[in-house]
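A quick write-up on the structure given underneath.
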Amino acid sequence: MPMIDLSSPEPKHAEHARCYVIHEQNILIAADPWQLPVLPAYMLRQHPHYYYLGLLNGEPCYVCELSNHELDDGSLQPVPLRRLIAGGLDEAGFTMISRALQFLSWQKNHRFCSRCGSPTEPHPRDLAMTCPACGYFQYPRITPCIIALVTRGEHALLGRSTRFPEGMYSCLAGFMEAGESAEQALAREVREESGIEVTNLQYLSSQSWPFPHSLMLGFHADYAGGEICIDDDEIVAADWFHYQSLPMIPPPGSIARTLIDHWVARFQ
């Protein structure tokens with residue numbers, strides 16, 4: 001099983017390292033076979049635009065924006081993360097790519113100090129931006145979200161967003177607001193998006209989701225009342241689907257699919 005370690009310091013004697021080259025939420029990989037570029041580790045350690053992420057299977061991993069990838073040989077092709085997930089990307093690989101995408105997105109949005117407005121600089125060791133003027137440290141921000149599969153016996157409530165591919169439905173989800181618990185956010189989001197009330201909330205698992213910097217908290221919930229009435233803002237359609245007649249749903253590897261598969265397994 002692939003092992004990931006995000007806490008170990010940058011190794012000084014590793015010979016090779018994986019390099020996550022990012023361009024507009026795409027990961028650049030070798031096309032045949034699909035694989036990340038592996039480069040001499042000493043070259044990445046010494047370059048100011050390659051940032052250490054952690055270890056994957058004992059191998060150091062770095063991230064770099066394509067515009068700063070001076071070691072590019074022109075053989076890489078951009079692939080969206082969602083396509084990699086659909087292609088069977090394992091959990092550890094997804095975690096590291098998610099970390100890479102979130103760090104670069106956050107770094108672009110924190111080029112100036114939020115306290116005094118001065119230009120910031122990358123921290124020499126941590127994944128952080130520092131302000132030379134006032135000394136303020138800015139670490140990557142994580143936005144908590146809830147995602148819930150609401151069920152009524154053998155039927156599940158699924159919604160469709162305009163962002164989805166044609167015909168795809170998924171669990172209902174939304175951002176937590178200040179002062180809310182995850183359970184309160186779940187009940188509010190389901191009510192706002194579908195008009196449905198829920199009960200018996202049960203936490204299942206979480207997943208880092210780099211679109212752009214979310215932490216998805218996954219729940220199962222039971223139907224408590226109400227009729228479907230979509231808000232026409234977050235979602236454009238919603239319905240109850242029998243577990244044997246599900247529409248197109250998100251691919252394996254996504255927390256939405258995990259919630260759905262876990263529920264369907266109860267009837268097997």
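Here, A, B, ... name the chains of the structure tokens in the order displayed, residue numbers run from 1 inside each chain, and ligands are numbered from 1 in the same displayed order.
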
Using only C-alpha atoms, find each residue of region 170-258 of chain A with at least one atom at most 10 Å away from an atom of region 153-160 of chain A; report its shortest atom-to-atom pair and that distance in Å (one decimal), sort the rows by chain and rising residue number, and return the result as CSV.
```
residue,atom,partner,partner_atom,distance
A:Ser170,CA,A:Leu158,CA,5.1
A:Cys171,CA,A:Leu158,CA,5.2
A:Leu172,CA,A:Gly159,CA,6.2
A:Ala173,CA,A:Gly159,CA,9.4
A:Val190,CA,A:Leu157,CA,9.8
A:Glu193,CA,A:Gly159,CA,8.7
A:Ser194,CA,A:Gly159,CA,8.3
A:Ile196,CA,A:Leu157,CA,9.2
A:Ala221,CA,A:Ala156,CA,9.8
A:Asp222,CA,A:Gly153,CA,8.5
A:Tyr223,CA,A:Gly153,CA,8.7
A:Ile228,CA,A:Leu157,CA,9.2
A:Ile230,CA,A:Gly159,CA,8.9
A:Glu234,CA,A:Arg160,CA,8.7
A:Ile235,CA,A:Arg160,CA,5.5
A:Val236,CA,A:Arg160,CA,5.8
A:Ala237,CA,A:Arg160,CA,5.1
A:Ala238,CA,A:Gly159,CA,4.1
A:Asp239,CA,A:Leu157,CA,5.7
A:Trp240,CA,A:Leu157,CA,4.6
A:Phe241,CA,A:His155,CA,5.0
A:His242,CA,A:His155,CA,4.3
A:Tyr243,CA,A:Glu154,CA,6.0
A:Gln244,CA,A:Glu154,CA,8.6
A:Ser245,CA,A:His155,CA,9.3
A:Leu246,CA,A:Ala156,CA,8.8
A:Pro247,CA,A:Leu158,CA,9.0
A:Ile249,CA,A:Leu158,CA,9.0
```

So that I have them on file, write out the residues from the current selection with N, CA and C atoms, as a short mmCIF file (atom, residue, chain, number, x, y, z; two decimals), in the first residue's frame.
```cif
data_model
loop_
_atom_site.label_atom_id
_atom_site.label_comp_id
_atom_site.auth_asym_id
_atom_site.auth_seq_id
_atom_site.Cartn_x
_atom_site.Cartn_y
_atom_site.Cartn_z
N SER A 170 -24.77 13.87 -7.90
CA SER A 170 -23.88 13.59 -6.78
C SER A 170 -24.56 13.93 -5.46
N CYS A 171 -23.83 13.73 -4.37
CA CYS A 171 -24.32 14.09 -3.05
C CYS A 171 -24.41 15.61 -2.92
N LEU A 172 -25.21 16.09 -2.01
CA LEU A 172 -25.30 17.52 -1.75
C LEU A 172 -24.14 17.96 -0.88
N ALA A 173 -23.64 19.16 -1.15
CA ALA A 173 -22.44 19.64 -0.44
C ALA A 173 -22.48 21.16 -0.34
N VAL A 190 -28.50 21.13 3.07
CA VAL A 190 -29.49 20.25 2.46
C VAL A 190 -30.84 20.96 2.36
N GLU A 193 -30.61 23.74 -0.42
CA GLU A 193 -30.48 23.26 -1.80
C GLU A 193 -31.67 22.44 -2.26
N SER A 194 -32.31 21.71 -1.34
CA SER A 194 -33.33 20.76 -1.78
C SER A 194 -34.67 20.88 -1.07
N ILE A 196 -35.23 19.61 1.83
CA ILE A 196 -35.38 18.39 2.62
C ILE A 196 -34.78 18.58 4.02
N ALA A 221 -26.99 10.74 6.15
CA ALA A 221 -28.10 11.33 6.90
C ALA A 221 -29.40 10.70 6.43
N ASP A 222 -30.35 10.58 7.33
CA ASP A 222 -31.66 10.04 7.00
C ASP A 222 -32.65 11.15 6.70
N TYR A 223 -33.58 10.86 5.81
CA TYR A 223 -34.67 11.79 5.48
C TYR A 223 -35.56 11.97 6.70
N ILE A 228 -38.93 17.86 -2.29
CA ILE A 228 -37.82 18.44 -3.04
C ILE A 228 -38.25 19.77 -3.66
N ILE A 230 -35.74 22.63 -5.32
CA ILE A 230 -34.36 23.07 -5.55
C ILE A 230 -34.27 24.58 -5.55
N GLU A 234 -27.45 26.68 -6.41
CA GLU A 234 -26.41 25.67 -6.20
C GLU A 234 -26.61 24.47 -7.12
N ILE A 235 -27.85 24.01 -7.25
CA ILE A 235 -28.12 22.85 -8.09
C ILE A 235 -29.28 23.15 -9.04
N VAL A 236 -29.33 22.42 -10.15
CA VAL A 236 -30.36 22.65 -11.16
C VAL A 236 -31.35 21.50 -11.23
N ALA A 237 -31.07 20.40 -10.52
CA ALA A 237 -31.99 19.26 -10.50
C ALA A 237 -31.67 18.41 -9.29
N ALA A 238 -32.69 17.74 -8.75
CA ALA A 238 -32.51 16.80 -7.64
C ALA A 238 -33.64 15.80 -7.68
N ASP A 239 -33.35 14.58 -7.21
CA ASP A 239 -34.38 13.55 -7.21
C ASP A 239 -33.94 12.42 -6.28
N TRP A 240 -34.92 11.54 -5.98
CA TRP A 240 -34.64 10.32 -5.22
C TRP A 240 -34.35 9.20 -6.21
N PHE A 241 -33.24 8.48 -5.99
CA PHE A 241 -32.85 7.40 -6.89
C PHE A 241 -32.71 6.09 -6.11
N HIS A 242 -33.28 5.02 -6.66
CA HIS A 242 -33.15 3.70 -6.05
C HIS A 242 -31.71 3.21 -6.20
N TYR A 243 -31.24 2.45 -5.21
CA TYR A 243 -29.84 2.04 -5.24
C TYR A 243 -29.52 1.14 -6.44
N GLN A 244 -30.53 0.51 -7.03
CA GLN A 244 -30.31 -0.31 -8.22
C GLN A 244 -30.49 0.46 -9.52
N SER A 245 -30.88 1.73 -9.43
CA SER A 245 -31.12 2.53 -10.64
C SER A 245 -30.49 3.91 -10.50
N LEU A 246 -29.23 3.93 -10.14
CA LEU A 246 -28.55 5.21 -9.95
C LEU A 246 -28.18 5.83 -11.30
N PRO A 247 -28.17 7.16 -11.37
CA PRO A 247 -27.71 7.83 -12.59
C PRO A 247 -26.18 7.79 -12.64
N ILE A 249 -22.76 8.78 -11.58
CA ILE A 249 -22.30 9.34 -10.31
C ILE A 249 -20.80 9.57 -10.38
#
```

For region 124-231 of chain A against region 22-46 of chain A, with a cut-off of 10 Å and counting only C-alpha atoms, what is the closest atom pair and its distance in Å to one decimal for every residue that makes the cut, ordered by chain and number, as JSON lines?
```
{"residue": "A:Pro210", "atom": "CA", "partner": "A:Gln25", "partner_atom": "CA", "distance": 8.7}
{"residue": "A:Phe211", "atom": "CA", "partner": "A:Gln25", "partner_atom": "CA", "distance": 8.4}
{"residue": "A:Pro212", "atom": "CA", "partner": "A:Gln25", "partner_atom": "CA", "distance": 8.6}
```

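Of the listed residues A:Gly225, A:Pro165, A:Gly179, A:Gly174, the one whose atoms come nearest to Arg82 (chain A) is A:Pro165, with distances taken using only C-alpha atoms.
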
Here is a test: counting only C-alpha atoms, which residue of A:Ser181, A:Cys131, A:Glu197, A:Pro60 is nearest to Glu227 (chain A)? A:Glu197

Set the distance at 12 Å and use only C-alpha atoms: which residues neighbour His262 (chain A) once local chain neighbours fewer than 2 positions away are removed? I'd like the list as a VMD selection string. chain A and resid 149 151 204 to 205 218 to 220 243 252 255 to 260 264 to 268

According to DSSP computed on the backbone, where in region 23-242 of chain A is there strand (DSSP E)? Give the residues as an NGL selection string. :A and (23 or 26-31 or 34-35 or 38-40 or 51-56 or 59-65 or 76-80 or 121-122 or 129-130 or 137-138 or 143-152 or 155-160 or 172-175 or 197-209 or 214-225 or 237-242)

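The residues of region 85-128 of chain A that DSSP assigns to helix (DSSP H, G or I) on this backbone come out as Ile85, Ala86, Glu91, Ala92, Gly93, Phe94, Thr95, Met96, Ile97, Ser98, Arg99, Ala100, Leu101, Gln102, Phe103, Leu104, Ser105, Trp106, Gln107 and Lys108 of chain A.
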